[in-house]
$ cat model.csv   # CSV, C-alpha atoms
chain,number,residue,atom,x,y,z
A,791,MET,CA,-72.9,-2.3,120.4
A,792,LYS,CA,-76.0,-3.5,118.6
A,793,GLY,CA,-75.2,-1.3,115.6
A,794,ALA,CA,-71.7,-2.7,115.4
A,795,LEU,CA,-73.0,-6.3,115.6
A,796,ARG,CA,-75.5,-5.6,112.8
A,797,LEU,CA,-72.7,-4.5,110.6
A,798,VAL,CA,-70.8,-7.7,111.2
A,799,TYR,CA,-73.8,-10.0,111.5
A,800,PRO,CA,-76.7,-8.4,109.6
A,801,PRO,CA,-80.2,-9.8,110.3
A,802,GLN,CA,-81.1,-12.8,108.2
A,803,CYS,CA,-84.4,-14.3,107.0
A,804,LEU,CA,-85.6,-17.1,109.4
A,805,CYS,CA,-86.2,-19.4,106.5
A,806,CYS,CA,-83.6,-18.8,103.9
A,807,SER,CA,-80.9,-16.6,105.5
A,808,ALA,CA,-81.3,-13.8,103.0
A,809,PRO,CA,-80.8,-10.3,104.4
A,810,VAL,CA,-83.8,-8.7,106.2
A,811,ALA,CA,-84.4,-5.4,108.0
A,812,GLU,CA,-85.1,-6.8,111.5
A,813,GLU,CA,-84.2,-9.9,113.5
A,814,GLY,CA,-86.8,-12.6,113.5
A,815,GLY,CA,-88.3,-11.5,110.1
A,816,LEU,CA,-88.8,-13.1,106.7
A,817,CYS,CA,-87.5,-12.0,103.3
A,818,THR,CA,-90.0,-10.9,100.7
A,819,ALA,CA,-89.9,-14.3,98.9
A,820,CYS,CA,-90.4,-16.3,102.1
A,821,TRP,CA,-93.1,-13.9,103.3
A,822,ARG,CA,-95.1,-14.5,100.1
A,823,GLU,CA,-95.1,-18.2,100.8
A,824,ALA,CA,-96.0,-17.9,104.5
A,825,GLU,CA,-99.7,-18.4,105.0
A,826,PHE,CA,-100.5,-16.9,108.4
A,827,ILE,CA,-103.9,-17.9,109.5
A,828,GLN,CA,-105.5,-14.6,110.4
A,829,GLY,CA,-108.9,-14.7,108.8
A,830,THR,CA,-111.8,-17.1,109.1
A,831,CYS,CA,-110.8,-20.4,110.6
A,832,CYS,CA,-112.2,-23.5,112.3
A,833,GLY,CA,-112.8,-22.7,116.0
A,834,ARG,CA,-111.8,-26.3,116.9
A,835,CYS,CA,-108.6,-27.0,115.0
A,836,GLY,CA,-107.6,-23.6,113.5
A,837,VAL,CA,-107.6,-24.7,109.8
A,838,PRO,CA,-108.4,-21.8,107.5
A,839,LEU,CA,-112.0,-21.6,106.1
A,840,PRO,CA,-113.0,-19.9,102.9
A,841,GLY,CA,-116.0,-18.2,104.5
A,842,GLY,CA,-118.8,-19.0,106.9
A,843,GLY,CA,-118.2,-22.6,107.8
A,844,PRO,CA,-120.7,-25.2,109.1
A,845,GLY,CA,-121.4,-25.8,112.7
A,846,ASP,CA,-124.1,-27.2,115.1
A,847,GLU,CA,-126.3,-25.1,117.3
A,848,ALA,CA,-123.9,-25.3,120.3
A,849,ASP,CA,-121.0,-24.1,118.0
A,850,GLU,CA,-123.1,-21.2,116.7
A,851,ALA,CA,-124.1,-20.2,120.2
A,852,ALA,CA,-120.4,-20.1,121.2
A,853,GLY,CA,-119.6,-18.1,118.1
A,854,LEU,CA,-117.5,-20.9,116.5
A,855,LEU,CA,-117.2,-21.9,112.9
A,856,VAL,CA,-116.3,-25.6,112.5
A,857,CYS,CA,-114.7,-27.4,109.6
A,858,ASP,CA,-116.0,-30.6,108.1
A,859,ASP,CA,-113.3,-32.7,109.8
A,860,CYS,CA,-114.2,-31.4,113.2
A,861,LEU,CA,-117.9,-32.1,112.6
A,862,ARG,CA,-117.0,-35.7,111.7
A,863,ILE,CA,-114.3,-36.3,114.3
A,864,GLN,CA,-115.0,-35.8,118.0
A,865,ARG,CA,-112.3,-33.5,119.4
A,866,PRO,CA,-111.6,-33.9,123.2
A,867,TRP,CA,-110.8,-30.2,123.4
A,868,LEU,CA,-112.9,-27.1,123.1
A,869,ARG,CA,-111.1,-24.6,120.9
A,870,GLY,CA,-108.0,-24.5,118.7
A,871,ARG,CA,-105.8,-22.1,116.7
A,872,ALA,CA,-102.7,-22.3,114.5
A,873,ALA,CA,-100.2,-19.7,113.4
A,874,LEU,CA,-99.5,-20.9,109.9
A,875,ALA,CA,-100.7,-23.3,107.2
A,876,TYR,CA,-98.4,-26.3,106.9
A,877,ARG,CA,-97.1,-25.6,103.4
A,878,GLY,CA,-94.7,-23.2,101.8
A,879,THR,CA,-92.7,-21.3,104.4
A,880,GLY,CA,-94.7,-22.7,107.2
A,881,ARG,CA,-93.8,-26.3,106.4
A,882,LYS,CA,-90.1,-25.3,105.9
A,883,LEU,CA,-89.9,-23.6,109.2
A,884,ALA,CA,-91.6,-26.4,111.1
A,885,LEU,CA,-89.3,-29.0,109.6
A,886,MET,CA,-86.2,-26.9,110.3
A,887,LEU,CA,-87.2,-26.6,114.0
A,888,LYS,CA,-88.2,-30.2,114.3
A,889,HIS,CA,-85.4,-32.0,112.3
A,890,GLY,CA,-82.9,-29.4,111.5
A,891,ASP,CA,-81.5,-28.5,114.9
A,892,ARG,CA,-82.6,-24.9,114.3
A,893,LEU,CA,-83.1,-24.1,118.0
A,894,ASP,CA,-82.5,-20.4,117.1
A,895,LEU,CA,-85.9,-20.4,115.4
A,896,ALA,CA,-87.8,-21.1,118.6
A,897,PRO,CA,-88.1,-17.6,120.0
A,898,ALA,CA,-89.6,-16.1,116.8
A,899,LEU,CA,-91.8,-19.1,116.0
A,900,GLY,CA,-92.9,-19.3,119.6
A,901,ASP,CA,-94.0,-15.6,119.5
A,902,TRP,CA,-96.1,-16.4,116.4
A,903,VAL,CA,-97.8,-19.3,118.3
A,904,ALA,CA,-98.3,-17.0,121.3
A,905,GLN,CA,-100.1,-14.5,119.0
A,906,ALA,CA,-102.3,-17.2,117.6
A,907,ALA,CA,-103.2,-18.3,121.1
A,908,LEU,CA,-104.6,-15.0,122.2
A,909,PRO,CA,-108.3,-15.9,121.6
A,910,LEU,CA,-107.8,-19.1,123.7
A,911,LEU,CA,-106.4,-17.6,126.9
A,912,ARG,CA,-108.2,-18.0,130.2
A,913,PRO,CA,-107.3,-16.8,133.7
A,914,GLU,CA,-104.9,-19.2,135.6
A,915,MET,CA,-104.4,-21.2,132.4
A,916,VAL,CA,-101.5,-23.8,132.3
A,917,VAL,CA,-99.4,-24.3,129.2
A,918,VAL,CA,-98.5,-28.0,128.5
A,919,PRO,CA,-96.5,-29.2,125.5
A,920,VAL,CA,-97.2,-32.4,123.7
A,921,PRO,CA,-94.4,-34.8,124.9
A,922,VAL,CA,-92.0,-36.9,122.9
A,923,HIS,CA,-90.9,-40.4,124.0
A,924,LEU,CA,-87.5,-40.7,125.7
A,925,ARG,CA,-86.0,-42.6,122.8
A,926,ARG,CA,-86.9,-39.8,120.4
A,927,LEU,CA,-85.8,-37.2,122.9
A,928,LEU,CA,-82.3,-38.8,123.2
A,929,ARG,CA,-81.9,-38.9,119.5
A,930,ARG,CA,-83.2,-35.3,118.8
A,931,LYS,CA,-81.9,-33.8,122.1
A,932,TYR,CA,-84.9,-31.5,122.5
A,933,ASN,CA,-88.7,-31.4,122.3
A,934,GLN,CA,-89.7,-28.7,119.8
A,935,ALA,CA,-93.2,-28.5,121.3
A,936,GLU,CA,-91.7,-27.7,124.7
A,937,MET,CA,-89.6,-24.9,123.3
A,938,LEU,CA,-92.7,-23.3,121.7
A,939,ALA,CA,-94.7,-23.8,124.8
A,940,ARG,CA,-92.1,-22.2,127.0
A,941,ARG,CA,-92.2,-19.1,124.8
A,942,VAL,CA,-96.0,-19.0,124.8
A,943,ALA,CA,-96.1,-19.2,128.6
A,944,ARG,CA,-93.5,-16.5,129.0
A,945,ALA,CA,-95.3,-14.2,126.5
A,946,HIS,CA,-98.6,-14.4,128.4
A,947,GLY,CA,-97.3,-14.8,132.0
A,948,LEU,CA,-98.8,-18.3,132.3
A,949,ALA,CA,-97.5,-21.3,134.2
A,950,HIS,CA,-95.5,-23.8,132.0
A,951,LEU,CA,-95.6,-27.5,132.9
A,952,PRO,CA,-93.2,-29.2,130.5
A,953,GLY,CA,-93.7,-32.5,132.5
A,954,GLY,CA,-97.4,-32.3,132.5
A,955,LEU,CA,-97.7,-35.2,130.0
A,956,ARG,CA,-95.4,-38.1,129.2
A,957,ARG,CA,-95.2,-40.8,126.5
A,958,LEU,CA,-95.9,-44.3,127.7
A,959,ARG,CA,-94.6,-46.0,124.7
A,960,HIS,CA,-92.6,-45.2,121.5
A,961,THR,CA,-94.8,-44.8,118.5
A,962,PRO,CA,-93.9,-44.5,114.8
A,963,MET,CA,-93.9,-41.1,113.1
A,964,GLN,CA,-97.4,-40.0,112.1
A,965,ASP,CA,-96.3,-38.9,108.6
A,966,HIS,CA,-98.1,-41.7,106.7
A,967,GLY,CA,-101.1,-43.8,107.1
A,968,SER,CA,-104.9,-43.2,107.1
A,969,VAL,CA,-106.6,-41.1,109.7
A,970,GLY,CA,-107.8,-44.2,111.5
A,971,ASP,CA,-104.2,-45.6,111.5
A,972,ARG,CA,-102.9,-42.4,113.1
A,973,PHE,CA,-105.5,-42.4,115.9
A,974,ALA,CA,-104.8,-46.1,116.6
A,975,ASN,CA,-101.0,-45.4,116.6
A,976,VAL,CA,-101.2,-43.0,119.5
A,977,ALA,CA,-104.2,-44.4,121.4
A,978,GLY,CA,-103.3,-44.6,125.1
A,979,ALA,CA,-99.7,-43.6,124.4
A,980,ILE,CA,-99.8,-40.4,126.5
A,981,ALA,CA,-100.6,-40.0,130.2
A,982,VAL,CA,-100.4,-37.5,133.0
A,983,PRO,CA,-97.7,-38.5,135.6
A,984,ALA,CA,-99.2,-39.1,139.0
A,985,ARG,CA,-97.1,-36.3,140.6
A,986,MET,CA,-98.4,-33.8,138.0
A,987,ALA,CA,-102.1,-34.6,138.4
A,988,PRO,CA,-102.8,-32.3,141.4
A,989,ARG,CA,-101.3,-29.3,139.4
A,990,LEU,CA,-103.7,-29.9,136.5
A,991,GLN,CA,-107.0,-30.8,138.2
A,992,GLY,CA,-109.6,-28.2,137.5
A,993,ARG,CA,-107.1,-26.0,135.6
A,994,ALA,CA,-107.7,-24.6,132.1
A,995,VAL,CA,-105.0,-26.0,129.8
A,996,LEU,CA,-103.4,-24.7,126.7
A,997,LEU,CA,-101.9,-27.7,124.8
A,998,VAL,CA,-99.1,-26.8,122.5
A,999,ASP,CA,-97.5,-28.7,119.6
A,1000,ASP,CA,-95.6,-27.8,116.4
A,1001,VAL,CA,-97.8,-29.4,113.7
A,1002,MET,CA,-101.4,-30.7,113.6
A,1003,ALA,CA,-102.4,-33.0,110.8
A,1004,SER,CA,-105.2,-35.4,111.6
A,1005,GLY,CA,-105.3,-34.2,115.2
A,1006,ALA,CA,-104.6,-37.8,116.6
A,1007,THR,CA,-101.7,-36.8,118.8
A,1008,MET,CA,-103.5,-33.8,120.1
A,1009,ALA,CA,-106.5,-36.0,120.9
A,1010,ALA,CA,-104.4,-38.5,122.8
A,1011,ALA,CA,-102.8,-35.7,124.8
A,1012,ALA,CA,-106.1,-34.0,125.5
A,1013,GLU,CA,-107.8,-37.2,126.5
A,1014,ALA,CA,-105.0,-37.8,129.0
A,1015,LEU,CA,-105.5,-34.4,130.5
A,1016,ARG,CA,-109.2,-34.9,130.8
A,1017,ALA,CA,-108.7,-38.2,132.5
A,1018,ALA,CA,-106.5,-36.4,135.1
A,1019,GLY,CA,-109.3,-33.9,135.8
A,1020,ALA,CA,-108.0,-30.9,133.7
A,1021,GLY,CA,-110.2,-28.7,131.7
A,1022,PRO,CA,-111.3,-26.9,129.8
A,1023,ILE,CA,-108.6,-27.7,127.2
A,1024,SER,CA,-107.6,-25.6,124.2
A,1025,VAL,CA,-104.9,-26.4,121.6
A,1026,VAL,CA,-102.5,-24.2,119.6
A,1027,VAL,CA,-99.9,-25.2,117.0
A,1028,LEU,CA,-97.3,-23.5,114.9
A,1029,ALA,CA,-98.6,-25.1,111.7
A,1030,ARG,CA,-101.9,-26.7,110.7
A,1031,ALA,CA,-102.0,-29.1,107.7
A,1032,VAL,CA,-104.5,-28.0,105.1
A,1033,LYS,CA,-106.1,-29.8,102.2
A,1034,ASP,CA,-105.1,-28.7,98.7
A,1035,ALA,CA,-107.8,-26.8,96.8
$ encode --input "model.csv" --output "structure tokens"
Amino acid sequence: MKGALRLVYPPQCLCCSAPVAEEGGLCTACWREAEFIQGTCCGRCGVPLPGGGPGDEADEAAGLLVCDDCLRIQRPWLRGRAALAYRGTGRKLALMLKHGDRLDLAPALGDWVAQAALPLLRPEMVVVPVPVHLRRLLRRKYNQAEMLARRVARAHGLAHLPGGLRRLRHTPMQDHGSVGDRFANVAGAIAVPARMAPRLQGRAVLLVDDVMASGATMAAAAEALRAAGAGPISVVVLARAVKDA
């Protein structure tokens, strides 16, 4: 049956629909433009580092390399990872999932996120997606972070709490503005619902989102989790914005 289906519907590249050998794969051209973050990276936010990065004594004792941004900006989480750099194929796939109604991408992309999350896993960890406001959810019909988080939880046999966080107010998209503007935009915009707080207290949390740029949205979500008594908190994303060389 599978062989017959492959003859009628051959596997296609996730990004450009060109023929590929296996389902969930990338063609040669898209693979060349996909920057998987597998080497040295910041232990806080997952951004790739060219070599041995800076870090304070506590970071060094924990075996973490930390980027300049994470030295300058206090992160309310302990560790972070990302599957891809947010450019080239990584950016295309993230936008296709977020704005292109490509729900079929979620299983493969979620598996990539699950792989990136391996160094962050702890016993009895809870997986929580970054929430979207109801207004945006009604327009988009789905929360791409929740779809990725569900796949991560399933891959590692962890509890998934899609309602662990909620948006208190609608905020403009974070695509533009300074770093300060982005943090101000989401400050206090995310909270833990009262009914979910007992399920998070004292639990290690893996916070999942599709893209991290400044880290403002992740910070607002992590602060809400900390206020509810959760911790330690780690973060993982599909794609991490990187600065051009």
$ atom_distance --input "model.csv" --atom1 "CA of Ala1009 in chain A" --atom2 "CA of Arg865 in chain A"
6.5 Å
$ residues_around --input "model.csv" --residues "Gln864 in chain A" --least-positions-apart "6" --cutoff "12 Å" --atoms "all atoms listed in the file" --output "NGL selection string"
:A and (834-835 or 856-858 or 973 or 1004-1006 or 1008-1010 or 1012-1013)
$ residues_around --input "model.csv" --residues "range 888-899 of chain A" --least-positions-apart "2" --cutoff "12 Å" --atoms "all atoms listed in the file" --output "CSV table (one decimal) with C-alpha atoms, keeping the file's coordinate frame"
chain,number,residue,atom,x,y,z
A,802,GLN,CA,-81.1,-12.8,108.2
A,803,CYS,CA,-84.4,-14.3,107.0
A,804,LEU,CA,-85.6,-17.1,109.4
A,805,CYS,CA,-86.2,-19.4,106.5
A,806,CYS,CA,-83.6,-18.8,103.9
A,807,SER,CA,-80.9,-16.6,105.5
A,812,GLU,CA,-85.1,-6.8,111.5
A,813,GLU,CA,-84.2,-9.9,113.5
A,814,GLY,CA,-86.8,-12.6,113.5
A,815,GLY,CA,-88.3,-11.5,110.1
A,816,LEU,CA,-88.8,-13.1,106.7
A,826,PHE,CA,-100.5,-16.9,108.4
A,872,ALA,CA,-102.7,-22.3,114.5
A,873,ALA,CA,-100.2,-19.7,113.4
A,874,LEU,CA,-99.5,-20.9,109.9
A,879,THR,CA,-92.7,-21.3,104.4
A,880,GLY,CA,-94.7,-22.7,107.2
A,881,ARG,CA,-93.8,-26.3,106.4
A,882,LYS,CA,-90.1,-25.3,105.9
A,883,LEU,CA,-89.9,-23.6,109.2
A,884,ALA,CA,-91.6,-26.4,111.1
A,885,LEU,CA,-89.3,-29.0,109.6
A,886,MET,CA,-86.2,-26.9,110.3
A,901,ASP,CA,-94.0,-15.6,119.5
A,902,TRP,CA,-96.1,-16.4,116.4
A,903,VAL,CA,-97.8,-19.3,118.3
A,904,ALA,CA,-98.3,-17.0,121.3
A,905,GLN,CA,-100.1,-14.5,119.0
A,906,ALA,CA,-102.3,-17.2,117.6
A,922,VAL,CA,-92.0,-36.9,122.9
A,926,ARG,CA,-86.9,-39.8,120.4
A,927,LEU,CA,-85.8,-37.2,122.9
A,929,ARG,CA,-81.9,-38.9,119.5
A,930,ARG,CA,-83.2,-35.3,118.8
A,931,LYS,CA,-81.9,-33.8,122.1
A,932,TYR,CA,-84.9,-31.5,122.5
A,933,ASN,CA,-88.7,-31.4,122.3
A,934,GLN,CA,-89.7,-28.7,119.8
A,935,ALA,CA,-93.2,-28.5,121.3
A,936,GLU,CA,-91.7,-27.7,124.7
A,937,MET,CA,-89.6,-24.9,123.3
A,938,LEU,CA,-92.7,-23.3,121.7
A,939,ALA,CA,-94.7,-23.8,124.8
A,940,ARG,CA,-92.1,-22.2,127.0
A,941,ARG,CA,-92.2,-19.1,124.8
A,942,VAL,CA,-96.0,-19.0,124.8
A,943,ALA,CA,-96.1,-19.2,128.6
A,944,ARG,CA,-93.5,-16.5,129.0
A,945,ALA,CA,-95.3,-14.2,126.5
A,999,ASP,CA,-97.5,-28.7,119.6
A,1000,ASP,CA,-95.6,-27.8,116.4
A,1001,VAL,CA,-97.8,-29.4,113.7
A,1027,VAL,CA,-99.9,-25.2,117.0
A,1028,LEU,CA,-97.3,-23.5,114.9
A,1029,ALA,CA,-98.6,-25.1,111.7
$ closest_atom_pairs --input "model.csv" --of "range 960-1016 of chain A" --to "range 907-919 of chain A" --cutoff "7 Å" --atoms "all atoms listed in the file" --output "CSV"
residue,atom,partner,partner_atom,distance
A:Arg993,CA,A:Met915,CA,6.4
A:Ala994,CA,A:Met915,CA,4.7
A:Val995,CA,A:Val916,CA,4.8
A:Leu996,CA,A:Val917,CA,4.7
A:Leu997,CA,A:Val918,CA,5.0
A:Val998,CA,A:Pro919,CA,4.6
A:Asp999,CA,A:Pro919,CA,6.0
$ atom_distance --input "model.csv" --atom1 "CA of Arg957 in chain A" --atom2 "CA of Ile980 in chain A"
4.6 Å
$ closest_residue --input "model.csv" --among "A:Pro1022, A:Gly878, A:Gly947, A:Pro962" --to "Cys820 in chain A" --atoms "only C-alpha atoms"
A:Gly878
$ atom_distance --input "model.csv" --atom1 "CA of Ala1014 in chain A" --atom2 "CA of Leu839 in chain A"
28.9 Å
$ closest_residue --input "model.csv" --among "A:Leu924, A:Val982, A:Gly833, A:Leu854" --to "Gly870 in chain A" --atoms "all atoms listed in the file"
A:Gly833
$ decode --input "model.csv" --residues "range 900-911 of chain A" --atoms "all heavy atoms" --output "short mmCIF file (atom, residue, chain, number, x, y, z; two decimals), in the first residue's frame"
data_model
loop_
_atom_site.label_atom_id
_atom_site.label_comp_id
_atom_site.auth_asym_id
_atom_site.auth_seq_id
_atom_site.Cartn_x
_atom_site.Cartn_y
_atom_site.Cartn_z
N GLY A 900 8.35 19.61 14.42
CA GLY A 900 8.30 19.29 15.84
C GLY A 900 9.34 18.26 16.24
O GLY A 900 9.91 18.34 17.34
N ASP A 901 9.62 17.31 15.36
CA ASP A 901 10.67 16.33 15.64
C ASP A 901 12.04 16.99 15.70
O ASP A 901 12.90 16.60 16.50
CB ASP A 901 10.66 15.23 14.58
CG ASP A 901 9.48 14.27 14.74
OD1 ASP A 901 8.83 14.28 15.80
OD2 ASP A 901 9.20 13.51 13.79
N TRP A 902 12.26 18.00 14.84
CA TRP A 902 13.52 18.74 14.89
C TRP A 902 13.66 19.48 16.21
O TRP A 902 14.73 19.52 16.81
CB TRP A 902 13.61 19.72 13.73
CG TRP A 902 13.67 19.09 12.37
CD1 TRP A 902 13.80 17.76 12.09
CD2 TRP A 902 13.60 19.74 11.11
NE1 TRP A 902 13.81 17.56 10.73
CE2 TRP A 902 13.70 18.75 10.10
CE3 TRP A 902 13.46 21.07 10.72
CZ2 TRP A 902 13.66 19.05 8.75
CZ3 TRP A 902 13.41 21.38 9.37
CH2 TRP A 902 13.52 20.39 8.39
N VAL A 903 12.56 20.08 16.67
CA VAL A 903 12.58 20.78 17.95
C VAL A 903 12.83 19.80 19.09
O VAL A 903 13.58 20.08 20.02
CB VAL A 903 11.26 21.56 18.17
CG1 VAL A 903 11.26 22.24 19.54
CG2 VAL A 903 11.06 22.60 17.07
N ALA A 904 12.20 18.64 19.01
CA ALA A 904 12.39 17.61 20.04
C ALA A 904 13.85 17.18 20.11
O ALA A 904 14.39 16.95 21.20
CB ALA A 904 11.49 16.41 19.74
N GLN A 905 14.50 17.06 18.97
CA GLN A 905 15.91 16.69 18.94
C GLN A 905 16.76 17.79 19.57
O GLN A 905 17.69 17.50 20.35
CB GLN A 905 16.35 16.45 17.50
CG GLN A 905 17.80 16.02 17.33
CD GLN A 905 18.07 14.63 17.88
OE1 GLN A 905 17.17 13.80 17.95
NE2 GLN A 905 19.31 14.37 18.27
N ALA A 906 16.44 19.05 19.26
CA ALA A 906 17.20 20.17 19.84
C ALA A 906 17.02 20.24 21.35
O ALA A 906 17.91 20.70 22.07
CB ALA A 906 16.74 21.48 19.19
N ALA A 907 15.88 19.77 21.84
CA ALA A 907 15.57 19.87 23.28
C ALA A 907 16.26 18.81 24.12
O ALA A 907 16.21 18.88 25.36
CB ALA A 907 14.06 19.78 23.48
N LEU A 908 16.89 17.83 23.52
CA LEU A 908 17.46 16.71 24.28
C LEU A 908 18.35 17.14 25.45
O LEU A 908 18.24 16.58 26.55
CB LEU A 908 18.25 15.80 23.33
CG LEU A 908 17.42 14.78 22.53
CD1 LEU A 908 18.29 14.08 21.50
CD2 LEU A 908 16.78 13.76 23.48
N PRO A 909 19.26 18.14 25.29
CA PRO A 909 20.11 18.50 26.43
C PRO A 909 19.36 19.18 27.57
O PRO A 909 19.93 19.37 28.65
CB PRO A 909 21.12 19.49 25.79
CG PRO A 909 21.02 19.29 24.32
CD PRO A 909 19.62 18.87 24.06
N LEU A 910 18.10 19.56 27.34
CA LEU A 910 17.34 20.32 28.33
C LEU A 910 16.44 19.44 29.20
O LEU A 910 15.90 19.93 30.19
CB LEU A 910 16.47 21.37 27.64
CG LEU A 910 17.15 22.28 26.62
CD1 LEU A 910 16.12 23.18 25.95
CD2 LEU A 910 18.25 23.11 27.28
N LEU A 911 16.26 18.19 28.83
CA LEU A 911 15.26 17.35 29.46
C LEU A 911 15.60 17.03 30.92
O LEU A 911 16.75 16.81 31.28
CB LEU A 911 15.10 16.05 28.69
CG LEU A 911 14.66 16.19 27.22
CD1 LEU A 911 14.48 14.82 26.60
CD2 LEU A 911 13.38 17.02 27.10
#
